[in-house]
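Report on the following structure.
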Amino acid sequence: MRADSRAGHRLRKFGSYAILTVLAFVVLFPIYITVVNSLLRPVDIAARPPVFFPLHPKWSSYADAWNGGHMSKYLVNSFIVTIAITVGQVFTAILAGYAFAFLEFPFKRTLFAVFLATLMVPFEVTVVTNLDTVRALGWFNTYQGLAVPFLATGFGAFLVRQAFLQVPPDLSDAAALDGYGHWRFMTRVAVPLARPAVAALTVFGFLGAWNQFLWPLLATKDDQLRTVQIGLKTLRQTSLNDVNVTFAGAVIAVIPIAIILLLFQKHLVRGLTAGAVKG
Amino acid sequence: MSSSRFVRLVALAGVAVFALGACSGSSSGSGGKASGDSTSGGGSNACPVGALAKATGPVQITFWHGLNRANEETLQKLVDQFNGQQTKVKVDLVNQTGYEEILRKWVAGLGTKELPDLAQMEDTATQQMIDTQSIVPVADCIKADHYDTSDFVSRVLERYNVDGKLYPMPFNVSNPVLYYDKNAFRAAGLDPEKPPATLAEVKTDAAKIKALGYQTGFGLKLNPWYLEQWASKADHLFVDHENGRKGRASKVLFDDAAGEATFAWMKDMVDSGLARTNPDDGPNGFDNLLGIRSKVQGMTIDSSASLGTVSQVLASGEGGGVDLGVGAMPGPSGAGGVLVGGGALYMSKSSTPEKIAATWEFVKFLVSSETQATFAAGTGYVPIRKSSITQKVLADLYASTPAYKVAYEQLLSGKDDIATAGPVIGNYAGVRDVVRDAETKMLAEGGDPKAAIKAAATAATAAIQDYNTRIGK
């Protein structure tokens, strides 16, 4: 009986590992083949059967992407804009989320509904008016023109508000008794408790800003301020003897995102378990 | 890529909005008062060619281009040459990463007036650009300047002529050609100097190449452009209202006998294992060309603009043993010929008169016989002037590498009529998406070619009418 259940347990464990392995393969294979293709000669990329391992890796494609494709310049621009947007989004989301969760003010529900309504408006709809505004402010082809339209999002305010609502009211009363004002309560109590949501928002904000294409294309004049995704497009339209360079550029563009995800994955998971155990 | 398709839709919507806005008043254009309807007369007003003489200092103009890196070098050299040889005009060349991006940026710039003085756009953009009502038709400049266009290849001018008016200036011209491995032809007992001229011959030759042990005979890139080319070669219209040149196109006509035959041919080639398909975009967009090098197949059809890099790739690397041949694009028999692809130059109406005049000076430089010869020799594009091929730089290239001449020669062969001028369609991209999807679906899932092209025609007509409704036509 007991032996049976142990065997069943082992079998189930084996089964779930098998499924996880397959899923991991499905997720990782495209990334793997991108790296492989970046190291192959263009003719080998089109070979059938496909080449799955670069026997003679051609590292020069990375140098081509970095120097010829000006990826270094585009990366710097992307970093400046993305960090500004991410910091701005997290900061405004915390402030707005706090207001909606803990403060009482007239038209609170209506205002919150308006915030939520902005989630329904795709960015493409507002692109022309935004461009008009940015130009009227004299921000066309500047870093602030690239970053400022994205410093606040309805999504961020919503996400953080929901997390703040989970904070027990007792805590806020206790904090008030200890003489905490709103600012100290927010920074010392509410935000640390809402860390998983803030971490998620940071990752979302970073990903979204890093992957922007249309706005940086429209709001810049030439390649002085262009970001990495546009640089990638420039690489992509080159030619067939540069296919490997395009792949190399894609790998370069993905590295910062991968690092951010790895860094924040820990926070996301730790935050989740912390919440679970506290109960 | 579905996101890019979405953005294209948005861009279209943008065009519609601005076209309506322009209709409903606001005479903000600085070019000329009668800017709205300069269909006849008033040419000197719409294109103030004399304004440059009044300019006090050098006039700075901006030129957006979408060429790839290799070709950009040739263009940059020409721009530098122009900037160096005169002092009245200074051109700033800006790479906007691609044709689609240029159109997008132009549409977005209509509201903000962030427009360049000159922009290079794909041949498919003609109707959309007319609909933005933001351009100076070069016909006005030609008229005002008494500029002689008799040396231009006539089919090239016809491509951009709508209702008797030339809107953009043609600049870089390409068309599809047949790329093949002469060594494969020799091994298969075929004449390496006589590539297939018809689709039926492609099939018989492909079968012989496959019999050599190749995986397949022919690399079929699913580029919707080829359906337009085959209609043109068959001397059939692609859309109604004289290919959209006498009135706005309202429905497609490509589901006729010629269209059915090409769809059936594609399906037959794939079903019998004589062709391998690849998409016309993304990382596999060059598989048909690279497949010749890796001996997956012996021939393919692709743009003549690829010839430079194709020969580079085939020449590079060890072993290989590919002897590249280039032939005219095989197609259905008919009196027509290949239609003109590539890009053309649009002048912005919102530029100041001095800038418009300066831009016109620069445009004339870009399409001069010498410049066209240098550009064609440097990039592999087809020169748009007949005399260019007698310029030394191009004559030398054509003598040493006759493959470069194929695309030029096939542009001169066949009838020059409304069919070979090609279609003018507002929602050109939408029609191509529909055709691409229909071909992909038919070849991947099976299905009757006749039904496939009928369904494609219905959807393409809907796409055209959707666009027309949105701009209120």
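Naming scheme: A, B, ... for chains in displayed order of the structure tokens; residues 1 onward per chain; ligands 1 onward as shown.
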
Select residues of chain B: the criterion is any atom within 6 Å of an atom of chain A, counting only C-alpha atoms; output as a list in words.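 Therefore, the residues near the partner are Asn68, Arg69, Thr97, Lys105, Ala108, Thr112, Asp287, Leu290 and Ser294 of chain B.
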
A:Phe164: which residues within 12 Å, counting only C-alpha atoms, same-chain residues fewer than 5 positions away excluded, as a VMD selection string? chain A and resid 93 to 103 157 to 159 169 171 to 172 185 to 187 189 to 198

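Within 12 Å of B:Gln86, once only C-alpha atoms are used and residues closer than 6 positions along the same chain are dropped, the contacting residues are Pro58, Val59, Val79, Asp80, Ala358, Glu361, Phe362 and Phe365 of chain B.
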
If you keep N, CA and C atoms, can you produce a file of those selected residues as a PDB file, in the first residue's frame?
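The file below, again_35.pdb, is the result:
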ATOM      1  N   PRO B  58      22.565  79.718 -48.236  1.00  0.00           N
ATOM      2  CA  PRO B  58      22.300  78.347 -48.679  1.00  0.00           C
ATOM      3  C   PRO B  58      20.993  77.828 -48.067  1.00  0.00           C
ATOM      4  N   VAL B  59      20.190  77.151 -48.864  1.00  0.00           N
ATOM      5  CA  VAL B  59      18.910  76.619 -48.383  1.00  0.00           C
ATOM      6  C   VAL B  59      19.124  75.182 -47.904  1.00  0.00           C
ATOM      7  N   VAL B  79      24.911  62.496 -52.343  1.00  0.00           N
ATOM      8  CA  VAL B  79      24.476  63.696 -51.630  1.00  0.00           C
ATOM      9  C   VAL B  79      25.684  64.584 -51.332  1.00  0.00           C
ATOM     10  N   ASP B  80      26.771  63.965 -50.890  1.00  0.00           N
ATOM     11  CA  ASP B  80      27.992  64.735 -50.621  1.00  0.00           C
ATOM     12  C   ASP B  80      28.480  65.433 -51.885  1.00  0.00           C
ATOM     13  N   ALA B 358      14.644  74.507 -53.920  1.00  0.00           N
ATOM     14  CA  ALA B 358      15.916  73.841 -53.642  1.00  0.00           C
ATOM     15  C   ALA B 358      15.773  72.326 -53.795  1.00  0.00           C
ATOM     16  N   GLU B 361      15.812  71.334 -57.362  1.00  0.00           N
ATOM     17  CA  GLU B 361      17.189  71.296 -57.882  1.00  0.00           C
ATOM     18  C   GLU B 361      17.857  69.974 -57.538  1.00  0.00           C
ATOM     19  N   PHE B 362      17.684  69.557 -56.288  1.00  0.00           N
ATOM     20  CA  PHE B 362      18.306  68.314 -55.830  1.00  0.00           C
ATOM     21  C   PHE B 362      17.704  67.100 -56.543  1.00  0.00           C
ATOM     22  N   PHE B 365      19.133  66.668 -59.826  1.00  0.00           N
ATOM     23  CA  PHE B 365      20.464  66.062 -59.723  1.00  0.00           C
ATOM     24  C   PHE B 365      20.345  64.539 -59.569  1.00  0.00           C
TER      25      PHE B 365
END

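Minimum atom-to-atom distances from B:Ser348, B:Thr204, B:Thr440, B:Ser333 to B:Lys233 were compared using only C-alpha atoms, and the lowest value belongs to B:Ser333.
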
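If you count only C-alpha atoms and ignore residues fewer than 2 places along the chain from B:Ala200, what sits within 10 Å of it is B:Pro196, B:Ala197, B:Thr198, B:Val202, B:Lys203, B:Thr204, B:Asp205, B:Ala206, B:Trp265, B:Met269, B:Pro330, B:Gly331, B:Pro332, B:Ser333.
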
How would the residues just chosen look if you wrote them out with N, CA and C atoms as a PDB file, in the first residue's frame?
ATOM      1  N   PRO B 196      14.591  29.212 -67.965  1.00  0.00           N
ATOM      2  CA  PRO B 196      13.173  29.114 -68.322  1.00  0.00           C
ATOM      3  C   PRO B 196      12.529  30.495 -68.479  1.00  0.00           C
ATOM      4  N   ALA B 197      11.680  30.624 -69.488  1.00  0.00           N
ATOM      5  CA  ALA B 197      11.029  31.911 -69.736  1.00  0.00           C
ATOM      6  C   ALA B 197       9.566  31.891 -69.315  1.00  0.00           C
ATOM      7  N   THR B 198       8.962  30.712 -69.266  1.00  0.00           N
ATOM      8  CA  THR B 198       7.557  30.622 -68.858  1.00  0.00           C
ATOM      9  C   THR B 198       7.450  29.783 -67.590  1.00  0.00           C
ATOM     10  N   VAL B 202       9.637  26.569 -66.109  1.00  0.00           N
ATOM     11  CA  VAL B 202      10.198  26.506 -64.759  1.00  0.00           C
ATOM     12  C   VAL B 202       9.925  25.138 -64.167  1.00  0.00           C
ATOM     13  N   LYS B 203       8.708  24.629 -64.408  1.00  0.00           N
ATOM     14  CA  LYS B 203       8.350  23.343 -63.825  1.00  0.00           C
ATOM     15  C   LYS B 203       9.203  22.209 -64.406  1.00  0.00           C
ATOM     16  N   THR B 204       9.339  22.160 -65.747  1.00  0.00           N
ATOM     17  CA  THR B 204      10.125  21.061 -66.338  1.00  0.00           C
ATOM     18  C   THR B 204      11.585  21.154 -65.906  1.00  0.00           C
ATOM     19  N   ASP B 205      12.140  22.375 -65.869  1.00  0.00           N
ATOM     20  CA  ASP B 205      13.540  22.515 -65.459  1.00  0.00           C
ATOM     21  C   ASP B 205      13.721  22.159 -63.989  1.00  0.00           C
ATOM     22  N   ALA B 206      12.749  22.559 -63.168  1.00  0.00           N
ATOM     23  CA  ALA B 206      12.829  22.246 -61.742  1.00  0.00           C
ATOM     24  C   ALA B 206      12.839  20.739 -61.525  1.00  0.00           C
ATOM     25  N   TRP B 265      -0.475  27.139 -60.747  1.00  0.00           N
ATOM     26  CA  TRP B 265       0.926  26.783 -60.961  1.00  0.00           C
ATOM     27  C   TRP B 265       1.676  26.675 -59.630  1.00  0.00           C
ATOM     28  N   MET B 269       3.397  23.293 -58.232  1.00  0.00           N
ATOM     29  CA  MET B 269       4.828  23.230 -57.931  1.00  0.00           C
ATOM     30  C   MET B 269       5.076  22.706 -56.517  1.00  0.00           C
ATOM     31  N   PRO B 330      10.377  34.655 -65.312  1.00  0.00           N
ATOM     32  CA  PRO B 330       9.449  33.801 -66.043  1.00  0.00           C
ATOM     33  C   PRO B 330       8.015  34.140 -65.657  1.00  0.00           C
ATOM     34  N   GLY B 331       7.111  33.968 -66.571  1.00  0.00           N
ATOM     35  CA  GLY B 331       5.729  34.290 -66.257  1.00  0.00           C
ATOM     36  C   GLY B 331       4.799  33.694 -67.294  1.00  0.00           C
ATOM     37  N   PRO B 332       3.532  34.040 -67.195  1.00  0.00           N
ATOM     38  CA  PRO B 332       2.586  33.567 -68.197  1.00  0.00           C
ATOM     39  C   PRO B 332       2.897  34.222 -69.547  1.00  0.00           C
ATOM     40  N   SER B 333       2.535  33.551 -70.611  1.00  0.00           N
ATOM     41  CA  SER B 333       2.766  34.165 -71.913  1.00  0.00           C
ATOM     42  C   SER B 333       1.758  35.299 -72.086  1.00  0.00           C
TER      43      SER B 333
END

Could you find all residues in stretch 226-341 of chain B that DSSP calls strand (DSSP E) from the backbone, and write them as a PyMOL selection string? chain B and resi 275-279+299-303+324-328+341

When distances are computed from only C-alpha atoms, which of B:Gly111, B:Gly247, B:Pro48, B:Gly343 shows the smallest separation from B:Ala305?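 Closest residue, counting only C-alpha atoms: B:Gly343.
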
With only C-alpha atoms as the atoms that count, which of A:Asn211, A:Ser78, A:Thr202, A:Thr153 lies nearest to A:Arg226?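 Smallest separation from A:Arg226 among the options: A:Ser78.
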
Write out as a PyMOL selection string the residues lying within 8 Å of B:Ala407, counting only C-alpha atoms and excluding same-chain residues fewer than 2 positions away. chain B and resi 174-177+304+328+382+404-405+409-411
